[in-house]
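Colleague: input27.txt is reproduced in full below (compact mmCIF, C-alpha atoms).
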# COMPACT_ATOMS: atom_id res chain seq x y z
CA MET A 365 187.98 143.94 257.41
CA SER A 366 185.92 147.03 257.86
CA ILE A 367 182.25 147.61 257.99
CA GLN A 368 180.52 150.58 256.52
CA VAL A 369 176.95 151.55 257.13
CA GLU A 370 175.51 153.96 254.64
CA ASN A 371 172.48 155.98 255.43
CA ASN A 372 170.87 157.37 252.30
CA LEU A 373 167.63 157.95 254.12
CA ASN A 374 169.28 160.53 256.35
CA LYS A 375 168.13 163.55 254.43
CA SER A 376 164.87 162.05 253.36
CA GLU A 377 161.79 164.07 254.19
CA ASN A 378 159.97 160.91 255.02
CA GLN A 379 161.00 160.14 258.57
CA GLU A 380 158.22 157.57 258.89
CA VAL A 381 160.58 154.87 257.69
CA PHE A 382 162.37 155.25 261.01
CA GLU A 383 159.19 155.07 263.04
CA GLN A 384 157.82 151.71 262.04
CA ARG A 385 156.55 148.89 264.22
CA ALA A 386 158.42 145.62 264.46
CA HIS A 387 157.01 142.28 265.58
CA TYR A 388 159.22 139.55 266.99
CA ILE A 389 157.47 136.29 266.01
CA PRO A 390 158.42 133.05 267.84
CA CYS A 391 158.81 131.20 264.60
CA ASN A 392 161.46 130.87 261.96
CA ILE A 393 159.98 131.97 258.63
CA GLU A 394 162.03 130.82 255.68
CA GLU A 395 161.40 133.86 253.55
CA ASP A 396 162.94 137.28 253.05
CA GLY A 397 160.97 140.21 251.83
CA HIS A 398 157.82 142.18 252.16
CA ALA A 399 155.10 140.92 254.51
CA ASN A 400 151.48 142.08 254.68
CA VAL A 401 151.69 142.75 258.40
CA SER A 402 149.08 145.48 258.46
CA LYS A 403 146.48 143.32 256.72
CA TYR A 404 147.15 139.81 257.91
CA PHE A 405 148.51 140.34 261.41
CA GLU A 406 147.74 143.68 263.00
CA PRO A 407 143.94 143.58 262.62
CA TYR A 408 143.93 140.63 265.03
CA VAL A 409 146.18 142.11 267.70
CA THR A 410 143.93 142.42 270.74
CA ASP A 411 144.66 144.30 273.95
CA ASN A 412 143.27 142.38 276.92
CA GLY A 413 144.11 145.12 279.38
CA ASP A 414 147.21 145.64 281.52
CA GLY A 415 149.32 145.59 278.39
CA GLU A 416 148.62 141.91 277.75
CA LEU A 417 148.24 141.39 274.05
CA THR A 418 147.11 138.43 271.98
CA ALA A 419 147.42 137.73 268.28
CA THR A 420 147.54 134.81 265.89
CA PHE A 421 150.06 133.56 263.36
CA ARG A 422 149.46 130.59 261.07
CA GLY A 423 146.73 129.36 263.37
CA HIS A 424 148.92 129.61 266.48
CA HIS A 425 147.84 131.63 269.47
CA LEU A 426 150.38 134.30 270.44
CA ASP A 427 150.79 136.16 273.72
CA GLY A 428 152.70 139.40 273.54
CA VAL A 429 153.76 142.71 275.02
CA LYS A 430 155.02 146.00 273.70
CA MET A 431 158.70 146.32 274.51
CA ASN A 432 160.42 149.61 275.08
CA LEU A 433 163.73 150.30 273.45
CA PRO A 434 166.33 151.22 276.06
CA ASP A 435 166.81 154.93 276.65
CA GLY A 436 169.28 156.49 274.30
CA TYR A 437 169.06 153.66 271.77
CA ARG A 438 167.47 153.55 268.35
CA ALA A 439 166.62 150.54 266.27
CA ILE A 440 167.66 150.48 262.64
CA VAL A 441 167.27 147.93 259.92
CA VAL A 442 170.15 147.45 257.50
CA THR A 443 170.43 145.48 254.27
CA GLU A 444 173.42 144.29 252.32
CA SER A 445 172.96 144.34 248.59
CA LYS A 446 175.76 141.88 247.92
CA ARG A 447 177.66 139.87 250.42
CA PRO A 448 181.34 139.56 249.42
CA LEU A 449 182.62 136.07 248.79
CA ALA A 450 185.83 136.45 250.73
CA GLU A 451 185.51 136.10 254.48
CA ASP A 452 187.66 139.10 255.33
CA ALA A 453 186.53 141.51 252.63
CA ASP A 454 185.09 144.89 253.50
CA ARG A 455 181.37 144.94 253.84
CA LYS A 456 178.84 147.62 253.11
CA PHE A 457 175.37 147.95 254.56
CA GLN A 458 172.56 150.30 253.71
CA VAL A 459 170.09 151.63 256.23
CA ALA A 460 166.66 150.49 255.13
CA GLY A 461 164.67 152.02 257.95
CA GLY A 462 164.11 151.78 261.64
CA PHE A 463 161.48 151.13 264.22
CA LYS A 464 160.31 152.83 267.37
CA GLU A 465 157.93 150.18 268.61
CA LEU A 466 158.83 146.56 269.18
CA TYR A 467 156.24 143.91 269.93
CA TYR A 468 157.50 140.71 271.43
CA TRP A 469 155.38 137.57 270.88
CA ASN A 470 155.49 134.12 272.43
CA TRP A 471 153.61 131.08 271.25
CA ASP A 472 150.90 130.33 273.86
CA LYS A 473 153.03 131.58 276.76
CA LYS A 474 152.87 134.95 278.44
CA PRO A 475 156.06 136.96 277.94
CA SER A 476 158.06 137.44 281.13
CA LYS A 477 161.26 139.00 282.34
CA ASN A 478 162.85 135.57 282.04
CA ASP A 479 162.48 135.48 278.26
CA ASN A 480 165.80 135.73 276.51
CA LEU A 481 165.09 138.89 274.58
CA PHE A 482 164.27 140.75 277.79
CA ARG A 483 167.35 139.38 279.51
CA ALA A 484 169.47 140.39 276.54
CA MET A 485 168.74 143.99 277.51
CA ASP A 486 170.81 143.40 280.69
CA TRP A 487 173.81 143.68 278.46
CA ILE A 488 173.16 147.35 277.94
CA ASP A 489 173.85 148.21 281.58
CA ILE A 490 176.91 146.00 281.60
CA ALA A 491 178.19 147.51 278.38
CA GLU A 492 177.97 150.93 279.93
CA ALA A 493 179.82 149.78 283.02
CA VAL A 494 182.70 148.24 281.10
CA SER A 495 183.02 150.84 278.35
CA MET B 691 116.10 139.87 266.70
CA ALA B 692 113.18 139.72 264.29
CA SER B 693 114.74 139.30 260.86
CA PHE B 694 117.84 138.07 259.06
CA ASP B 695 119.00 141.66 258.73
CA ASP B 696 119.10 141.85 262.52
CA LEU B 697 121.01 138.57 262.61
CA HIS B 698 123.49 139.85 260.01
CA ASP B 699 124.03 143.11 261.87
CA TYR B 700 124.60 141.23 265.10
CA ILE B 701 127.13 138.83 263.57
CA LYS B 702 128.95 141.71 261.89
CA SER B 703 129.14 143.63 265.16
CA LYS B 704 131.08 140.76 266.78
CA ASN B 705 134.71 140.04 266.03
CA ASN B 706 135.25 137.00 263.85
CA HIS B 707 138.50 135.73 265.30
CA THR B 708 137.28 134.56 268.72
CA LYS B 709 133.82 133.28 269.66
CA PHE B 710 130.55 134.83 270.66
CA VAL B 711 127.04 133.96 271.78
CA ASN B 712 123.68 134.99 270.39
CA ASN B 713 120.60 134.23 272.44
CA SER B 714 116.86 134.75 272.63
CA GLU B 715 115.06 135.91 275.71
CA VAL B 716 113.81 133.17 277.98
CA PRO B 717 110.02 132.78 277.50
CA GLN B 718 108.17 133.18 280.80
CA ILE B 719 106.65 129.72 280.57
CA CYS B 720 110.15 128.18 280.36
CA LYS B 721 110.98 129.62 283.77
CA SER B 722 107.98 128.10 285.50
CA GLU B 723 107.33 124.85 283.67
CA PRO B 724 109.79 121.96 283.32
CA CYS B 725 111.58 122.12 279.98
CA MET B 726 113.50 119.91 277.61
CA LEU B 727 116.58 121.18 275.82
CA GLY B 728 118.25 119.99 272.59
CA VAL B 729 121.90 120.44 271.58
CA ASP B 730 123.40 120.17 268.09
CA GLU B 731 126.26 121.57 266.09
CA ALA B 732 126.83 122.75 262.52
CA GLY B 733 130.00 123.11 260.51
CA ARG B 734 132.24 120.61 262.22
CA GLY B 735 133.92 119.32 259.08
CA PRO B 736 134.44 122.30 256.76
CA VAL B 737 137.86 123.90 256.31
CA LEU B 738 136.29 127.37 256.08
CA GLY B 739 134.20 129.37 258.50
CA PRO B 740 132.99 128.97 262.06
CA MET B 741 131.58 125.96 263.84
CA VAL B 742 128.28 126.81 265.50
CA TYR B 743 126.74 125.16 268.54
CA GLY B 744 123.03 125.63 269.04
CA ILE B 745 120.57 124.83 271.79
CA ALA B 746 116.79 125.14 271.82
CA TYR B 747 114.43 124.56 274.73
CA CYS B 748 110.70 124.51 275.36
CA PRO B 749 108.28 123.24 278.03
CA LEU B 750 107.71 119.48 278.02
CA SER B 751 104.02 120.23 277.66
CA GLN B 752 104.53 122.26 274.47
CA LYS B 753 106.26 119.69 272.27
CA ASP B 754 103.63 120.09 269.61
CA VAL B 755 104.72 123.64 268.88
CA LEU B 756 107.93 122.22 267.45
CA LYS B 757 106.07 119.95 265.09
CA THR B 758 103.78 122.75 263.98
CA LEU B 759 106.86 124.80 263.11
CA GLY B 760 108.18 121.92 261.01
CA CYS B 761 111.20 120.98 263.15
CA ALA B 762 112.28 117.63 261.78
CA ASP B 763 115.54 116.05 260.69
CA SER B 764 117.37 119.19 259.61
CA LYS B 765 119.47 117.33 257.08
CA ALA B 766 116.29 116.47 255.20
CA LEU B 767 115.37 120.16 255.05
CA THR B 768 116.56 122.52 252.32
CA GLU B 769 118.42 125.68 253.21
CA GLU B 770 115.35 127.76 252.33
CA LYS B 771 113.15 125.62 254.55
CA ARG B 772 115.59 125.95 257.46
CA ASP B 773 115.68 129.72 257.03
CA GLU B 774 111.90 129.79 257.00
CA ILE B 775 111.64 127.81 260.24
CA LEU B 776 114.20 129.97 262.04
CA LEU B 777 112.39 133.08 260.91
CA LYS B 778 109.21 131.65 262.44
CA ILE B 779 111.09 130.93 265.68
CA LEU B 780 112.24 134.55 265.69
CA THR B 781 108.88 136.13 264.91
CA GLU B 782 105.79 134.02 265.46
CA LYS B 783 103.91 134.57 268.69
CA GLU B 784 103.46 130.90 269.51
CA ALA B 785 107.17 130.26 269.06
CA LEU B 786 108.29 133.35 270.96
CA GLU B 787 106.14 132.37 273.92
CA ASN B 788 107.39 128.81 274.08
CA ILE B 789 110.84 128.36 272.54
CA GLY B 790 114.14 129.76 273.74
CA TRP B 791 117.47 129.31 271.96
CA ILE B 792 121.18 130.14 272.18
CA ALA B 793 123.86 129.85 269.50
CA GLU B 794 127.61 129.99 269.99
CA VAL B 795 129.70 130.96 266.99
CA ILE B 796 133.20 129.49 267.32
CA SER B 797 135.52 131.14 264.82
CA PRO B 798 137.92 129.21 262.59
CA ASN B 799 140.76 131.01 264.34
CA TYR B 800 139.53 129.88 267.75
CA ILE B 801 139.49 126.30 266.46
CA SER B 802 143.01 126.50 264.95
CA ASN B 803 144.38 128.19 268.06
CA SER B 804 142.90 125.47 270.29
CA MET B 805 144.28 122.65 268.18
CA TYR B 806 147.70 124.32 267.99
CA ARG B 807 148.06 124.94 271.72
CA ARG B 808 151.17 123.78 273.55
CA ALA B 809 148.81 121.38 275.31
CA LYS B 810 146.65 120.42 272.34
CA HIS B 811 142.95 120.87 272.64
CA SER B 812 141.02 118.60 270.30
CA LEU B 813 137.94 119.59 268.35
CA ASN B 814 135.97 117.19 270.56
CA GLU B 815 137.00 119.11 273.66
CA VAL B 816 136.12 122.43 272.06
CA SER B 817 132.73 120.97 271.11
CA MET B 818 131.98 119.48 274.48
CA ASN B 819 132.95 122.66 276.32
CA SER B 820 130.66 124.68 274.09
CA ALA B 821 127.72 122.32 274.66
CA ILE B 822 128.24 122.37 278.42
CA SER B 823 128.55 126.15 278.59
CA LEU B 824 125.38 126.65 276.54
CA ILE B 825 123.34 124.37 278.82
CA LYS B 826 124.74 126.26 281.82
CA GLN B 827 123.83 129.59 280.25
CA ALA B 828 120.22 128.52 279.67
CA ILE B 829 119.97 127.49 283.32
CA GLU B 830 121.60 130.71 284.53
CA LEU B 831 119.16 132.75 282.46
CA GLY B 832 116.38 131.10 284.46
CA ALA B 833 115.13 128.31 282.20
CA ASN B 834 113.84 125.34 284.15
CA ILE B 835 115.68 122.55 282.34
CA LYS B 836 114.74 118.97 283.26
CA GLU B 837 115.70 116.95 280.20
CA VAL B 838 118.62 117.37 277.78
CA TYR B 839 119.00 115.68 274.38
CA VAL B 840 122.35 115.82 272.61
CA ASP B 841 123.33 114.83 269.09
CA THR B 842 126.80 113.33 268.83
CA VAL B 843 129.07 111.96 266.15
CA GLY B 844 131.33 110.12 268.59
CA PRO B 845 130.55 107.35 271.10
CA PRO B 846 127.57 108.52 273.22
CA GLU B 847 128.36 106.64 276.47
CA LYS B 848 131.35 108.69 277.63
CA TYR B 849 129.72 111.94 276.66
CA GLN B 850 126.55 111.01 278.49
CA ALA B 851 128.47 110.08 281.66
CA LYS B 852 130.32 113.38 281.61
CA LEU B 853 127.16 115.45 281.19
CA SER B 854 125.33 113.49 283.91
CA GLU B 855 128.19 114.26 286.26
CA ILE B 856 128.01 117.98 285.55
CA PHE B 857 124.19 118.16 285.58
CA PRO B 858 123.14 115.54 288.15
CA ASN B 859 119.54 116.75 288.36
CA ILE B 860 118.84 116.63 284.67
CA LYS B 861 117.87 113.61 282.63
CA ILE B 862 120.51 113.40 279.89
CA THR B 863 120.15 111.56 276.60
CA VAL B 864 123.08 111.49 274.19
CA ALA B 865 122.40 109.73 270.90
CA LYS B 866 123.68 109.46 267.37
CA LYS B 867 121.31 111.09 264.87
CA ALA B 868 119.34 112.64 267.76
CA ASP B 869 118.65 115.36 265.24
CA SER B 870 116.24 113.09 263.36
CA ILE B 871 114.69 111.50 266.48
CA TYR B 872 113.93 114.41 268.83
CA PRO B 873 112.23 117.56 267.45
CA ILE B 874 113.90 119.72 270.14
CA VAL B 875 117.30 118.63 268.77
CA SER B 876 116.07 119.39 265.24
CA ALA B 877 115.22 122.88 266.44
CA ALA B 878 118.70 123.25 267.96
CA SER B 879 120.17 121.97 264.73
CA ILE B 880 118.26 124.57 262.72
CA VAL B 881 119.46 127.35 265.03
CA ALA B 882 123.06 126.15 264.55
CA LYS B 883 122.92 125.54 260.80
CA VAL B 884 121.15 128.75 259.89
CA THR B 885 123.53 130.76 262.08
CA ARG B 886 126.53 129.14 260.38
CA ASP B 887 125.12 129.78 256.89
CA HIS B 888 124.53 133.42 257.66
CA ALA B 889 127.86 133.86 259.43
CA LEU B 890 129.50 132.77 256.16
CA LYS B 891 127.28 135.09 254.14
CA VAL B 892 128.35 138.16 256.06
CA TRP B 893 131.99 137.16 256.60
CA GLN B 894 134.25 140.20 256.61
CA PHE B 895 137.87 139.80 255.57
CA HIS B 896 140.18 142.06 257.56
CA GLU B 897 142.87 140.99 255.11
CA GLY B 898 141.29 143.16 252.44
CA LEU B 899 139.98 140.39 250.20
CA GLU B 900 137.00 141.45 248.13
CA MET B 901 135.22 138.10 248.18
CA ASP B 902 132.12 136.53 249.65
CA CYS B 903 130.53 133.11 249.93
CA LYS B 904 129.65 133.13 246.23
CA ASP B 905 133.41 132.99 245.68
CA PHE B 906 134.57 130.61 248.41
CA GLY B 907 131.57 128.29 248.50
CA SER B 908 130.25 126.17 251.35
CA GLY B 909 133.59 125.65 253.05
CA TYR B 910 133.52 121.85 252.66
CA PRO B 911 136.79 120.54 251.24
CA GLY B 912 134.90 118.79 248.41
CA ASP B 913 133.30 122.00 247.13
CA PRO B 914 135.15 123.14 243.95
CA LEU B 915 134.90 126.81 244.95
CA THR B 916 136.35 126.05 248.38
CA LYS B 917 139.12 124.00 246.77
CA LYS B 918 139.99 126.88 244.49
CA PHE B 919 140.02 129.30 247.42
CA ILE B 920 142.35 127.06 249.43
CA ARG B 921 144.65 126.69 246.46
CA GLU B 922 144.78 130.34 245.44
CA GLN B 923 144.26 132.66 248.40
CA ILE B 924 147.67 132.09 249.92
CA ASP B 925 149.92 134.71 251.43
CA ARG B 926 153.54 133.51 251.39
CA VAL B 927 154.18 134.66 254.94
CA PHE B 928 150.86 134.57 256.76
CA GLY B 929 149.31 131.65 254.95
CA TYR B 930 145.59 132.30 254.86
CA PRO B 931 143.02 134.86 255.92
CA LEU B 932 141.35 133.85 259.18
CA LEU B 933 138.33 132.39 257.43
CA VAL B 934 140.45 129.26 257.07
CA ARG B 935 141.03 126.60 259.73
CA PHE B 936 144.82 126.32 259.61
CA SER B 937 144.72 123.10 261.60
CA TRP B 938 142.80 121.19 258.88
CA SER B 939 145.06 118.89 256.90
CA THR B 940 143.71 120.30 253.61
CA ALA B 941 145.08 123.70 254.61
CA GLU B 942 148.25 122.37 256.23
CA LEU B 943 149.26 120.40 253.15
CA MET B 944 148.59 123.28 250.78
CA LEU B 945 150.68 125.66 252.90
CA GLN B 946 153.53 123.18 253.07
CA GLU B 947 153.58 123.21 249.32
CA ARG B 948 152.86 126.83 248.46
CA ALA B 949 153.83 129.11 251.35
CA ALA B 950 157.05 129.96 253.14
CA LYS B 951 158.15 127.28 255.56
CA CYS B 952 157.54 128.16 259.21
CA ASN B 953 159.19 126.45 262.16
CA PHE B 954 157.77 127.08 265.58
CA GLU B 955 159.87 126.07 268.54
CA GLU B 956 159.68 122.36 269.22
CA ILE B 957 158.08 121.28 272.47
CA ASP B 958 159.83 117.94 272.68
CA ASP B 959 163.58 117.97 272.68
CA THR B 960 164.72 115.72 269.88
CA PRO B 961 167.07 113.04 271.12
CA ASN B 962 170.71 113.84 270.73
CA LYS B 963 171.82 112.77 267.27
CA ASN B 964 175.43 112.41 268.33
CA SER B 965 174.75 109.59 270.72
CA GLY B 966 175.62 106.11 269.56
CA THR B 967 178.55 104.91 267.56
CA GLN B 968 181.01 107.41 266.18
CA SER B 969 181.32 107.37 262.41
CA ILE B 970 184.56 105.88 261.11
CA SER B 971 185.57 109.05 259.27
CA SER B 972 185.54 110.99 262.52
CA PHE B 973 188.80 109.31 263.52
CA PHE B 974 190.60 110.78 260.52
CA SER B 975 189.29 114.32 260.63
CA PRO B 976 191.31 116.98 262.42
CA LYS B 977 190.61 117.25 266.10
CA ASN B 978 188.23 120.02 267.04
CA GLU B 979 190.22 123.03 268.03
CA LYS B 980 189.59 123.96 271.55
CA LYS B 981 186.93 126.62 271.44
CA ARG B 982 186.40 128.82 274.37
CA LYS B 983 183.01 128.03 275.72
CA LYS B 984 180.60 130.90 275.71
CA HIS B 985 179.60 132.02 279.16
CA LYS B 986 176.09 131.04 280.18
CA PHE B 987 175.20 134.71 280.60
CA PHE B 988 175.53 135.28 276.87
CA GLU B 989 174.06 131.98 275.82
CA GLU B 990 170.87 132.55 277.76
CA ARG B 991 170.39 135.98 276.26
CA TYR B 992 170.97 135.15 272.64
CA LEU B 993 174.08 137.32 272.78
CA THR B 994 177.02 136.34 270.63
CA MET B 995 180.44 137.88 270.57
CA ASN B 996 180.98 137.37 266.87
CA ASN B 997 181.08 140.18 264.44
CA ALA B 998 177.74 141.92 264.73
CA PHE B 999 177.14 141.75 261.01
CA GLU B 1000 177.78 138.12 260.47
How would this structure read if it were set down as C-alpha cells?

Modeller:
Amino acid sequence: MSIQVENNLNKSENQEVFEQRAHYIPCNIEEDGHANVSKYFEPYVTDNGDGELTATFRGHHLDGVKMNLPDGYRAIVVTESKRPLAEDADRKFQVAGGFKELYYWNWDKKPSKNDNLFRAMDWIDIAEAVS
Amino acid sequence: MASFDDLHDYIKSKNNHTKFVNNSEVPQICKSEPCMLGVDEAGRGPVLGPMVYGIAYCPLSQKDVLKTLGCADSKALTEEKRDEILLKILTEKEALENIGWIAEVISPNYISNSMYRRAKHSLNEVSMNSAISLIKQAIELGANIKEVYVDTVGPPEKYQAKLSEIFPNIKITVAKKADSIYPIVSAASIVAKVTRDHALKVWQFHEGLEMDCKDFGSGYPGDPLTKKFIREQIDRVFGYPLLVRFSWSTAELMLQERAAKCNFEEIDDTPNKNSGTQSISSFFSPKNEKKRKKHKFFEERYLTMNNAFE
C-alpha cells in the first residue's frame, strides 16, 4: 500500500492555518470536529510565572507548559476524507493545517521531563543517529 | 467602597475563575477594644455562581450598632432589605466607625477544580479553609478579635474543636442557625449574601454568551431559569461556561446526556479482567501468534512502530 499526502493549502495566501496553537488535553474526548478553544479554553489559561501555566477543562484543574517543536520539524494536521475498506488499499490524506505552538496539559500534576510526550522527543535524536 | 457601583466595579476588576477577597478598612476602635467576629456563607447549594464567605466584626461594647442597622436573621430579610443594610454598613458614619468586614468570593471554577482534584477536596474543606483564612486576615489587619461566632450546616462539635485549636486565645462558638441568634453573624451573612447576589448580577462570560442573571436566574437547581440554562447552554466539547459548577450532579448528569463523553485518566488501576477462570471458548480459538514484545523504550514514550497513518 502507498500513502499520499496532498497539500492543497500550499499555495494559499493564508499561511495562518499553519501557525495555529494546539493543546494536548489529558483526556479522551469522544468527538471529532470543531471546538471553541478560543472562547471556552484560552481565556482561562493563566501564566503563573516561570512558564508554569494553569487552565481548566470540564471542571478539572490543568497544569501545563508550552512545548517547543524540535528544530527542523514542523507540525501538520492531516485528514482523510474516506478511509478505504480494504486493509492494504492506497490511502490519501489532505493537509488541513499545522501548528507552531504546542501546549501540553496534565490533570493536576505539573508537567515534567518524565512525561511520555516529552520523552517521545528522545526518538528524534535516535532517528537521526540511525538514519 | 461607598456604593454598589463601586462594588460592581471591584468584582468586575477581579478574575472570575479563581477566588478573591474584598475587605473594609479596620475601624480604629476595633484595634484597641476587644471585638467579636461573625462568620457565615452564601451560595453553598446553587449550581451556578460563586460561593461567598463573609465575616463582620465590631467591639463587644458596640453590639447595639448592629441592631440599629437591622442585622437580624438574614433569611427573614428580603433582598432589598439586605442591600439596604449593606449600603448602610458601607456609608453610615456609625457603622464605618464600628464595623469591619471581609468577603471572599470563591468562583464556581475554584469549587469544581477543588472537588475534581487527584486528592479530592470536599466543599466542606473549601468552606472551612475560607473561614479560617478570613479570621486570620482580620487579625493580621490589626483587629483585636476575642470572640468568634460561626454558622454551620454540619455538626458543630468537630468544627469548633478545629477552630479552637487554630485560635487558642479566642472564644469560639459554632452553632447551627447562628445567623438568627447572633447579630454579628447576621451582619456577616448579609455581607456574604449581598456580595453573592451582586457577583451574579455583574457576571461576565468570557465564552461570549450575551446573557445575565435575568436569563439564568438565581442559580438554585429548582429555579426554572437555571434549569433551562443548564439544559441549553451546553458546548459539546467544553461542557459549560465557567459560571457553572461542573462538580454538581445536576451539571454532571446533563453533560453525560448531552455533551461529548470525556475520559480523564483513571487514578485507580482497575483490577485485571483476565484474572480468574479462562472462558471455555478460549481453548478452541487459535493460539495467539507470538508477537514480538515492544521494547520498553517505545512503550513509555507512546511510540509505536505501526504504520504512522493507522

Colleague: Output as JSON, numbers by chain the set of chain B residues within 8 Å of chain A, with distances taken over all atoms listed in the file.

Modeller: {"B": [707, 799, 802, 803, 804, 806, 807, 808, 896, 897, 898, 927, 928, 929, 930, 931, 935, 936, 937, 950, 951, 952, 953, 954, 955, 988, 990, 991, 992, 993]}

Colleague: For the selection just defined, write its residues with C-alpha atoms to a file, as a PDB file, in the frame of the given file.

Modeller:
ATOM      1  CA  HIS B 707     138.500 135.730 265.300  1.00  0.00           C
ATOM      2  CA  ASN B 799     140.760 131.010 264.340  1.00  0.00           C
ATOM      3  CA  SER B 802     143.010 126.500 264.950  1.00  0.00           C
ATOM      4  CA  ASN B 803     144.380 128.190 268.060  1.00  0.00           C
ATOM      5  CA  SER B 804     142.900 125.470 270.290  1.00  0.00           C
ATOM      6  CA  TYR B 806     147.700 124.320 267.990  1.00  0.00           C
ATOM      7  CA  ARG B 807     148.060 124.940 271.720  1.00  0.00           C
ATOM      8  CA  ARG B 808     151.170 123.780 273.550  1.00  0.00           C
ATOM      9  CA  HIS B 896     140.180 142.060 257.560  1.00  0.00           C
ATOM     10  CA  GLU B 897     142.870 140.990 255.110  1.00  0.00           C
ATOM     11  CA  GLY B 898     141.290 143.160 252.440  1.00  0.00           C
ATOM     12  CA  VAL B 927     154.180 134.660 254.940  1.00  0.00           C
ATOM     13  CA  PHE B 928     150.860 134.570 256.760  1.00  0.00           C
ATOM     14  CA  GLY B 929     149.310 131.650 254.950  1.00  0.00           C
ATOM     15  CA  TYR B 930     145.590 132.300 254.860  1.00  0.00           C
ATOM     16  CA  PRO B 931     143.020 134.860 255.920  1.00  0.00           C
ATOM     17  CA  ARG B 935     141.030 126.600 259.730  1.00  0.00           C
ATOM     18  CA  PHE B 936     144.820 126.320 259.610  1.00  0.00           C
ATOM     19  CA  SER B 937     144.720 123.100 261.600  1.00  0.00           C
ATOM     20  CA  ALA B 950     157.050 129.960 253.140  1.00  0.00           C
ATOM     21  CA  LYS B 951     158.150 127.280 255.560  1.00  0.00           C
ATOM     22  CA  CYS B 952     157.540 128.160 259.210  1.00  0.00           C
ATOM     23  CA  ASN B 953     159.190 126.450 262.160  1.00  0.00           C
ATOM     24  CA  PHE B 954     157.770 127.080 265.580  1.00  0.00           C
ATOM     25  CA  GLU B 955     159.870 126.070 268.540  1.00  0.00           C
ATOM     26  CA  PHE B 988     175.530 135.280 276.870  1.00  0.00           C
ATOM     27  CA  GLU B 990     170.870 132.550 277.760  1.00  0.00           C
ATOM     28  CA  ARG B 991     170.390 135.980 276.260  1.00  0.00           C
ATOM     29  CA  TYR B 992     170.970 135.150 272.640  1.00  0.00           C
ATOM     30  CA  LEU B 993     174.080 137.320 272.780  1.00  0.00           C
TER      31      LEU B 993
END

Colleague: Give the answer as one residue: which of B:His811, B:Lys757, B:Lys852, B:Lys836 has the shortest atom-to-atom distance to Ala785 (chain B), using only C-alpha atoms?

Modeller: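 Among the listed residues, B:Lys757 lies closest to Ala785 (chain B).
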
Colleague: To one decimal place, how far is CA of Ile825 (chain B) from CA of Ala809 (chain B) in Å?

Modeller: 25.9 Å

Colleague: Please measure the separation of CA of Ile860 (chain B) and CA of Gly733 (chain B), giving the value in Å to one decimal.

Modeller: 27.4 Å

Colleague: Neighbours of Asn432 (chain A) within 8 Å (only C-alpha atoms; same-chain residues fewer than 2 positions away dropped), as a CSV table (one decimal) with C-alpha atoms, in the frame of the given file?

Modeller:
chain,number,residue,atom,x,y,z
A,430,LYS,CA,155.0,146.0,273.7
A,434,PRO,CA,166.3,151.2,276.1
A,465,GLU,CA,157.9,150.2,268.6
A,466,LEU,CA,158.8,146.6,269.2

Colleague: Neighbourhood query: residues within 9 Å of (112.5, 127.6, 281.8), file coordinates, counting all atoms listed in the file; return as a PyMOL selection string.

Modeller: chain B and resi 716-726+747-749+790+828-829+831-835

Colleague: What separation in Å, quoted to one decimal, exists between CA of Gly428 (chain A) and CA of Met805 (chain B)?

Modeller: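 CA of Met805 (chain B) lies at a distance of 19.5 Å from CA of Gly428 (chain A).
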
Colleague: For region 732-740 of chain B, supply N, CA, C and O atoms and report the output as a tab-separated table (two decimals), keeping the file's coordinate frame.

Modeller:
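Result file result_34.tsv:
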chain	number	residue	atom	x	y	z
B	732	ALA	N	126.77	122.66	263.98
B	732	ALA	CA	126.83	122.75	262.52
B	732	ALA	C	128.23	123.19	262.13
B	732	ALA	O	128.85	123.98	262.83
B	733	GLY	N	128.71	122.65	261.02
B	733	GLY	CA	130.00	123.11	260.51
B	733	GLY	C	131.17	122.54	261.25
B	733	GLY	O	132.14	123.23	261.55
B	734	ARG	N	131.12	121.24	261.55
B	734	ARG	CA	132.24	120.61	262.22
B	734	ARG	C	133.35	120.28	261.21
B	734	ARG	O	134.52	120.48	261.50
B	735	GLY	N	132.94	119.81	260.05
B	735	GLY	CA	133.92	119.32	259.08
B	735	GLY	C	134.58	120.33	258.15
B	735	GLY	O	135.71	120.12	257.72
B	736	PRO	N	133.90	121.43	257.80
B	736	PRO	CA	134.44	122.30	256.76
B	736	PRO	C	135.79	122.94	257.12
B	736	PRO	O	136.10	123.12	258.31
B	737	VAL	N	136.55	123.26	256.10
B	737	VAL	CA	137.86	123.90	256.31
B	737	VAL	C	137.71	125.42	256.43
B	737	VAL	O	138.61	126.11	256.88
B	738	LEU	N	136.53	125.92	256.02
B	738	LEU	CA	136.29	127.37	256.08
B	738	LEU	C	135.15	127.70	257.05
B	738	LEU	O	134.18	126.95	257.14
B	739	GLY	N	135.30	128.81	257.72
B	739	GLY	CA	134.20	129.37	258.50
B	739	GLY	C	134.05	128.77	259.89
B	739	GLY	O	134.73	127.82	260.25
B	740	PRO	N	133.14	129.37	260.66
B	740	PRO	CA	132.99	128.97	262.06
B	740	PRO	C	132.27	127.64	262.23
B	740	PRO	O	131.60	127.17	261.32
